[in-house]
Amino acid sequence: MREQQIAKDLLSISAVFFRPDEPFTWASGIKSPVYCDNRLILTAPQVRQHVEQGLSELIKENFPEAEVLMGTATAGIAHAAIAAHFLGLPMGYVRGSAKDHGRQNRIEGKLEAGQKVVVVEDLISTGGSVLEAVDALREAGAEVLGIVSIFTYGMQKGIDRLTAAGVKNISLTNFDCIAQVAADENYIQPEDVARLIAFRNNPSDESWIGGAK
């Protein structure tokens, strides 16, 4: 299945890297057993091919009426550009904030009111940054059909935010799938999967740290 193949790809290049016994610390201070850097996809041609073809297929399957792809700054821009090339669609991107010079654009690329847009994001966690892009596109008059992303944590906060905003996200793979594939492929121990899911379900609860080894 596609989500297992993408999970294997991301693990193989350490775009997703699990370290449950030596957690990473996020900027927020939360201890995390996982590190994710999907920018590494761009320097791995075979994985990049799988990912961009996968994103293109997700868009065709779920949002066939899409007229424009819009990447999120900065991680989603390259993926939106390559997927748009495969699909023969125009693309642009949404800045994290408006420029302070020139035309002071927040949205780069031609976008007309009423156009049907799909947002391309690399990673969904709490959903905050991608929803800022959705809001900017809606304010510009676009009809946001939904989001496609490479990887989602499936965190409840993110799910709730997307639901409240009335926007659907479709991901190539997800945290649960990658955790299981990581165990199957011996990146982590099988008993670590439950610890990883415990983190995902409640990131502020650190009881998973120092669990079953």
# chains A, B, ... in the order shown; residues from 1 in each chain; ligands from 1
>>> residues_around(residues="Ser129 in chain A", least_positions_apart="5", cutoff="12 Å", atoms="only C-alpha atoms", output="ChimeraX atom specification")
/A:71-76,94-97,119-124,134-136,158,161-162
>>> residues_around(residues="Tyr35 in chain A", least_positions_apart="6", cutoff="9 Å", atoms="only C-alpha atoms", output="number ranges by chain")
A: 14-19, 23-24
>>> select_by_dssp(residues="range 118-157 of chain A", states="strand (DSSP E)", output="list in words")
Val118, Val119, Val120, Glu121, Asp122, Leu123, Ile124, Glu143, Val144, Leu145, Gly146, Ile147, Val148, Ser149, Ile150, Phe151 and Thr152 of chain A
>>> write_last_selection(atoms="N, CA, C and O atoms", output="PDB file, in the first residue's frame")
ATOM      1  N   VAL A 118      -5.837  23.702  -3.810  1.00  0.00           N
ATOM      2  CA  VAL A 118      -5.398  22.673  -2.865  1.00  0.00           C
ATOM      3  C   VAL A 118      -4.086  23.150  -2.251  1.00  0.00           C
ATOM      4  O   VAL A 118      -3.160  23.561  -2.965  1.00  0.00           O
ATOM      5  N   VAL A 119      -4.013  23.100  -0.947  1.00  0.00           N
ATOM      6  CA  VAL A 119      -2.809  23.500  -0.222  1.00  0.00           C
ATOM      7  C   VAL A 119      -1.899  22.276  -0.070  1.00  0.00           C
ATOM      8  O   VAL A 119      -2.368  21.189   0.283  1.00  0.00           O
ATOM      9  N   VAL A 120      -0.624  22.465  -0.342  1.00  0.00           N
ATOM     10  CA  VAL A 120       0.355  21.389  -0.217  1.00  0.00           C
ATOM     11  C   VAL A 120       1.259  21.687   0.980  1.00  0.00           C
ATOM     12  O   VAL A 120       1.905  22.732   1.027  1.00  0.00           O
ATOM     13  N   GLU A 121       1.270  20.767   1.944  1.00  0.00           N
ATOM     14  CA  GLU A 121       2.044  20.919   3.175  1.00  0.00           C
ATOM     15  C   GLU A 121       2.914  19.681   3.360  1.00  0.00           C
ATOM     16  O   GLU A 121       2.565  18.589   2.919  1.00  0.00           O
ATOM     17  N   ASP A 122       4.051  19.841   4.017  1.00  0.00           N
ATOM     18  CA  ASP A 122       4.901  18.662   4.207  1.00  0.00           C
ATOM     19  C   ASP A 122       4.507  17.866   5.432  1.00  0.00           C
ATOM     20  O   ASP A 122       4.564  16.642   5.436  1.00  0.00           O
ATOM     21  N   LEU A 123       4.062  18.552   6.496  1.00  0.00           N
ATOM     22  CA  LEU A 123       3.852  17.902   7.781  1.00  0.00           C
ATOM     23  C   LEU A 123       2.697  18.565   8.518  1.00  0.00           C
ATOM     24  O   LEU A 123       2.630  19.792   8.597  1.00  0.00           O
ATOM     25  N   ILE A 124       1.786  17.755   9.067  1.00  0.00           N
ATOM     26  CA  ILE A 124       0.694  18.270   9.892  1.00  0.00           C
ATOM     27  C   ILE A 124       0.899  17.787  11.321  1.00  0.00           C
ATOM     28  O   ILE A 124       0.971  16.581  11.581  1.00  0.00           O
ATOM     29  N   GLU A 143     -11.335  29.376  -3.195  1.00  0.00           N
ATOM     30  CA  GLU A 143     -12.108  28.275  -2.620  1.00  0.00           C
ATOM     31  C   GLU A 143     -11.117  27.158  -2.290  1.00  0.00           C
ATOM     32  O   GLU A 143     -10.601  26.495  -3.192  1.00  0.00           O
ATOM     33  N   VAL A 144     -10.829  26.982  -1.009  1.00  0.00           N
ATOM     34  CA  VAL A 144      -9.854  25.974  -0.598  1.00  0.00           C
ATOM     35  C   VAL A 144     -10.558  24.613  -0.529  1.00  0.00           C
ATOM     36  O   VAL A 144     -11.412  24.389   0.318  1.00  0.00           O
ATOM     37  N   LEU A 145     -10.182  23.735  -1.449  1.00  0.00           N
ATOM     38  CA  LEU A 145     -10.798  22.408  -1.495  1.00  0.00           C
ATOM     39  C   LEU A 145     -10.303  21.521  -0.364  1.00  0.00           C
ATOM     40  O   LEU A 145     -11.045  20.673   0.129  1.00  0.00           O
ATOM     41  N   GLY A 146      -9.048  21.692   0.023  1.00  0.00           N
ATOM     42  CA  GLY A 146      -8.471  20.873   1.080  1.00  0.00           C
ATOM     43  C   GLY A 146      -6.963  20.961   1.078  1.00  0.00           C
ATOM     44  O   GLY A 146      -6.367  21.799   0.394  1.00  0.00           O
ATOM     45  N   ILE A 147      -6.359  20.071   1.844  1.00  0.00           N
ATOM     46  CA  ILE A 147      -4.914  20.025   2.030  1.00  0.00           C
ATOM     47  C   ILE A 147      -4.426  18.628   1.666  1.00  0.00           C
ATOM     48  O   ILE A 147      -5.083  17.638   2.005  1.00  0.00           O
ATOM     49  N   VAL A 148      -3.278  18.557   1.002  1.00  0.00           N
ATOM     50  CA  VAL A 148      -2.562  17.286   0.890  1.00  0.00           C
ATOM     51  C   VAL A 148      -1.221  17.460   1.584  1.00  0.00           C
ATOM     52  O   VAL A 148      -0.586  18.512   1.484  1.00  0.00           O
ATOM     53  N   SER A 149      -0.801  16.439   2.311  1.00  0.00           N
ATOM     54  CA  SER A 149       0.454  16.516   3.046  1.00  0.00           C
ATOM     55  C   SER A 149       1.190  15.193   2.939  1.00  0.00           C
ATOM     56  O   SER A 149       0.605  14.161   2.598  1.00  0.00           O
ATOM     57  N   ILE A 150       2.469  15.238   3.240  1.00  0.00           N
ATOM     58  CA  ILE A 150       3.283  14.026   3.171  1.00  0.00           C
ATOM     59  C   ILE A 150       3.056  13.156   4.395  1.00  0.00           C
ATOM     60  O   ILE A 150       2.912  11.941   4.293  1.00  0.00           O
ATOM     61  N   PHE A 151       2.981  13.810   5.559  1.00  0.00           N
ATOM     62  CA  PHE A 151       2.958  13.067   6.824  1.00  0.00           C
ATOM     63  C   PHE A 151       2.101  13.809   7.835  1.00  0.00           C
ATOM     64  O   PHE A 151       2.138  15.037   7.911  1.00  0.00           O
ATOM     65  N   THR A 152       1.296  13.078   8.585  1.00  0.00           N
ATOM     66  CA  THR A 152       0.528  13.681   9.666  1.00  0.00           C
ATOM     67  C   THR A 152       0.744  12.892  10.951  1.00  0.00           C
ATOM     68  O   THR A 152       0.825  11.661  10.937  1.00  0.00           O
TER      69      THR A 152
END
>>> closest_residue(among="A:Ile107, A:Ala133, A:Leu40, A:Val34", to="Pro20 in chain A", atoms="only C-alpha atoms")
A:Val34
>>> closest_residue(among="A:Leu11, A:Arg106, A:Arg200, A:Lys116", to="Pro64 in chain A", atoms="only C-alpha atoms")
A:Lys116
>>> residues_around(residues="Met1 in chain A", least_positions_apart="4", cutoff="12 Å", atoms="only C-alpha atoms", output="count of residues only")
9
>>> atom_distance(atom1="CA of Cys36 in chain A", atom2="CA of Pro90 in chain A")
28.2 Å
>>> closest_residue(among="A:His79, A:Ile59, A:Ile30, A:Gly210", to="Asn169 in chain A", atoms="only C-alpha atoms")
A:Ile59
>>> closest_residue(among="A:Leu10, A:Met91, A:Leu131, A:Leu55", to="Val167 in chain A", atoms="only C-alpha atoms")
A:Leu131
>>> select_by_dssp(residues="range 61-118 of chain A", states="helix (DSSP H, G or I)", output="list in words")
Glu61, Asn62, Ala75, Gly76, Ile77, Ala78, His79, Ala80, Ala81, Ile82, Ala83, Ala84, His85, Phe86 and Leu87 of chain A
>>> write_last_selection(atoms="C-alpha atoms", output="PDB file, in the first residue's frame")
ATOM      1  CA  GLU A  61      -8.231  11.146  -6.379  1.00  0.00           C
ATOM      2  CA  ASN A  62      -9.558  13.558  -3.760  1.00  0.00           C
ATOM      3  CA  ALA A  75       8.650  23.360   3.350  1.00  0.00           C
ATOM      4  CA  GLY A  76       5.632  22.924   1.081  1.00  0.00           C
ATOM      5  CA  ILE A  77       6.841  25.093  -1.791  1.00  0.00           C
ATOM      6  CA  ALA A  78       9.057  22.586  -3.612  1.00  0.00           C
ATOM      7  CA  HIS A  79       6.516  19.779  -3.226  1.00  0.00           C
ATOM      8  CA  ALA A  80       3.733  21.980  -4.581  1.00  0.00           C
ATOM      9  CA  ALA A  81       5.903  22.964  -7.538  1.00  0.00           C
ATOM     10  CA  ILE A  82       6.803  19.393  -8.494  1.00  0.00           C
ATOM     11  CA  ALA A  83       3.267  18.056  -8.019  1.00  0.00           C
ATOM     12  CA  ALA A  84       1.890  20.968 -10.063  1.00  0.00           C
ATOM     13  CA  HIS A  85       4.365  20.096 -12.827  1.00  0.00           C
ATOM     14  CA  PHE A  86       3.156  16.484 -12.866  1.00  0.00           C
ATOM     15  CA  LEU A  87      -0.472  17.629 -12.968  1.00  0.00           C
TER      16      LEU A  87
END
>>> closest_residue(among="A:Ala142, A:Ile41, A:Val130, A:Ala27", to="Val68 in chain A", atoms="only C-alpha atoms")
A:Ala142
>>> decode(residues="range 145-205 of chain A", atoms="C-alpha atoms", output="mmCIF file, in the first residue's frame")
data_model
loop_
_atom_site.group_PDB
_atom_site.id
_atom_site.type_symbol
_atom_site.label_atom_id
_atom_site.label_comp_id
_atom_site.auth_asym_id
_atom_site.auth_seq_id
_atom_site.Cartn_x
_atom_site.Cartn_y
_atom_site.Cartn_z
ATOM 1 C CA LEU A 145 -10.798 22.408 -1.495
ATOM 2 C CA GLY A 146 -8.471 20.873 1.080
ATOM 3 C CA ILE A 147 -4.914 20.025 2.030
ATOM 4 C CA VAL A 148 -2.562 17.286 0.890
ATOM 5 C CA SER A 149 0.454 16.516 3.046
ATOM 6 C CA ILE A 150 3.283 14.026 3.171
ATOM 7 C CA PHE A 151 2.958 13.067 6.824
ATOM 8 C CA THR A 152 0.528 13.681 9.666
ATOM 9 C CA TYR A 153 0.950 12.990 13.356
ATOM 10 C CA GLY A 154 -2.818 12.569 13.768
ATOM 11 C CA MET A 155 -2.711 14.672 16.950
ATOM 12 C CA GLN A 156 -6.166 15.400 18.322
ATOM 13 C CA LYS A 157 -5.476 19.128 18.499
ATOM 14 C CA GLY A 158 -4.688 19.176 14.798
ATOM 15 C CA ILE A 159 -7.724 17.063 13.911
ATOM 16 C CA ASP A 160 -9.997 19.351 15.926
ATOM 17 C CA ARG A 161 -8.554 22.508 14.382
ATOM 18 C CA LEU A 162 -8.952 21.235 10.825
ATOM 19 C CA THR A 163 -12.505 20.105 11.538
ATOM 20 C CA ALA A 164 -13.412 23.468 13.064
ATOM 21 C CA ALA A 165 -11.998 25.238 10.008
ATOM 22 C CA GLY A 166 -13.988 23.004 7.678
ATOM 23 C CA VAL A 167 -10.944 21.792 5.771
ATOM 24 C CA LYS A 168 -9.959 18.219 4.919
ATOM 25 C CA ASN A 169 -6.373 16.957 5.018
ATOM 26 C CA ILE A 170 -5.263 13.868 3.113
ATOM 27 C CA SER A 171 -1.780 12.559 3.930
ATOM 28 C CA LEU A 172 0.476 10.115 2.112
ATOM 29 C CA THR A 173 1.328 8.427 5.394
ATOM 30 C CA ASN A 174 0.768 8.887 9.115
ATOM 31 C CA PHE A 175 2.388 8.497 12.512
ATOM 32 C CA ASP A 176 0.752 5.164 13.338
ATOM 33 C CA CYS A 177 1.829 3.643 10.034
ATOM 34 C CA ILE A 178 5.406 4.876 10.291
ATOM 35 C CA ALA A 179 5.720 3.669 13.890
ATOM 36 C CA GLN A 180 4.569 0.178 12.894
ATOM 37 C CA VAL A 181 6.807 0.059 9.818
ATOM 38 C CA ALA A 182 9.740 1.252 11.956
ATOM 39 C CA ALA A 183 9.173 -1.699 14.284
ATOM 40 C CA ASP A 184 8.717 -4.154 11.394
ATOM 41 C CA GLU A 185 11.935 -2.910 9.760
ATOM 42 C CA ASN A 186 13.916 -2.976 13.045
ATOM 43 C CA TYR A 187 14.447 0.766 13.374
ATOM 44 C CA ILE A 188 12.866 0.497 16.829
ATOM 45 C CA GLN A 189 11.777 -2.320 19.126
ATOM 46 C CA PRO A 190 8.214 -3.671 18.744
ATOM 47 C CA GLU A 191 7.383 -2.647 22.309
ATOM 48 C CA ASP A 192 8.313 0.956 21.488
ATOM 49 C CA VAL A 193 5.235 1.354 19.271
ATOM 50 C CA ALA A 194 2.898 1.730 22.258
ATOM 51 C CA ARG A 195 5.212 4.379 23.729
ATOM 52 C CA LEU A 196 5.184 6.318 20.474
ATOM 53 C CA ILE A 197 1.398 6.206 20.245
ATOM 54 C CA ALA A 198 1.163 7.344 23.887
ATOM 55 C CA PHE A 199 3.274 10.380 22.974
ATOM 56 C CA ARG A 200 1.125 11.138 19.935
ATOM 57 C CA ASN A 201 -2.084 10.854 21.957
ATOM 58 C CA ASN A 202 -0.877 13.250 24.656
ATOM 59 C CA PRO A 203 2.421 15.029 23.878
ATOM 60 C CA SER A 204 2.433 16.891 27.201
ATOM 61 C CA ASP A 205 2.363 13.625 29.192
#
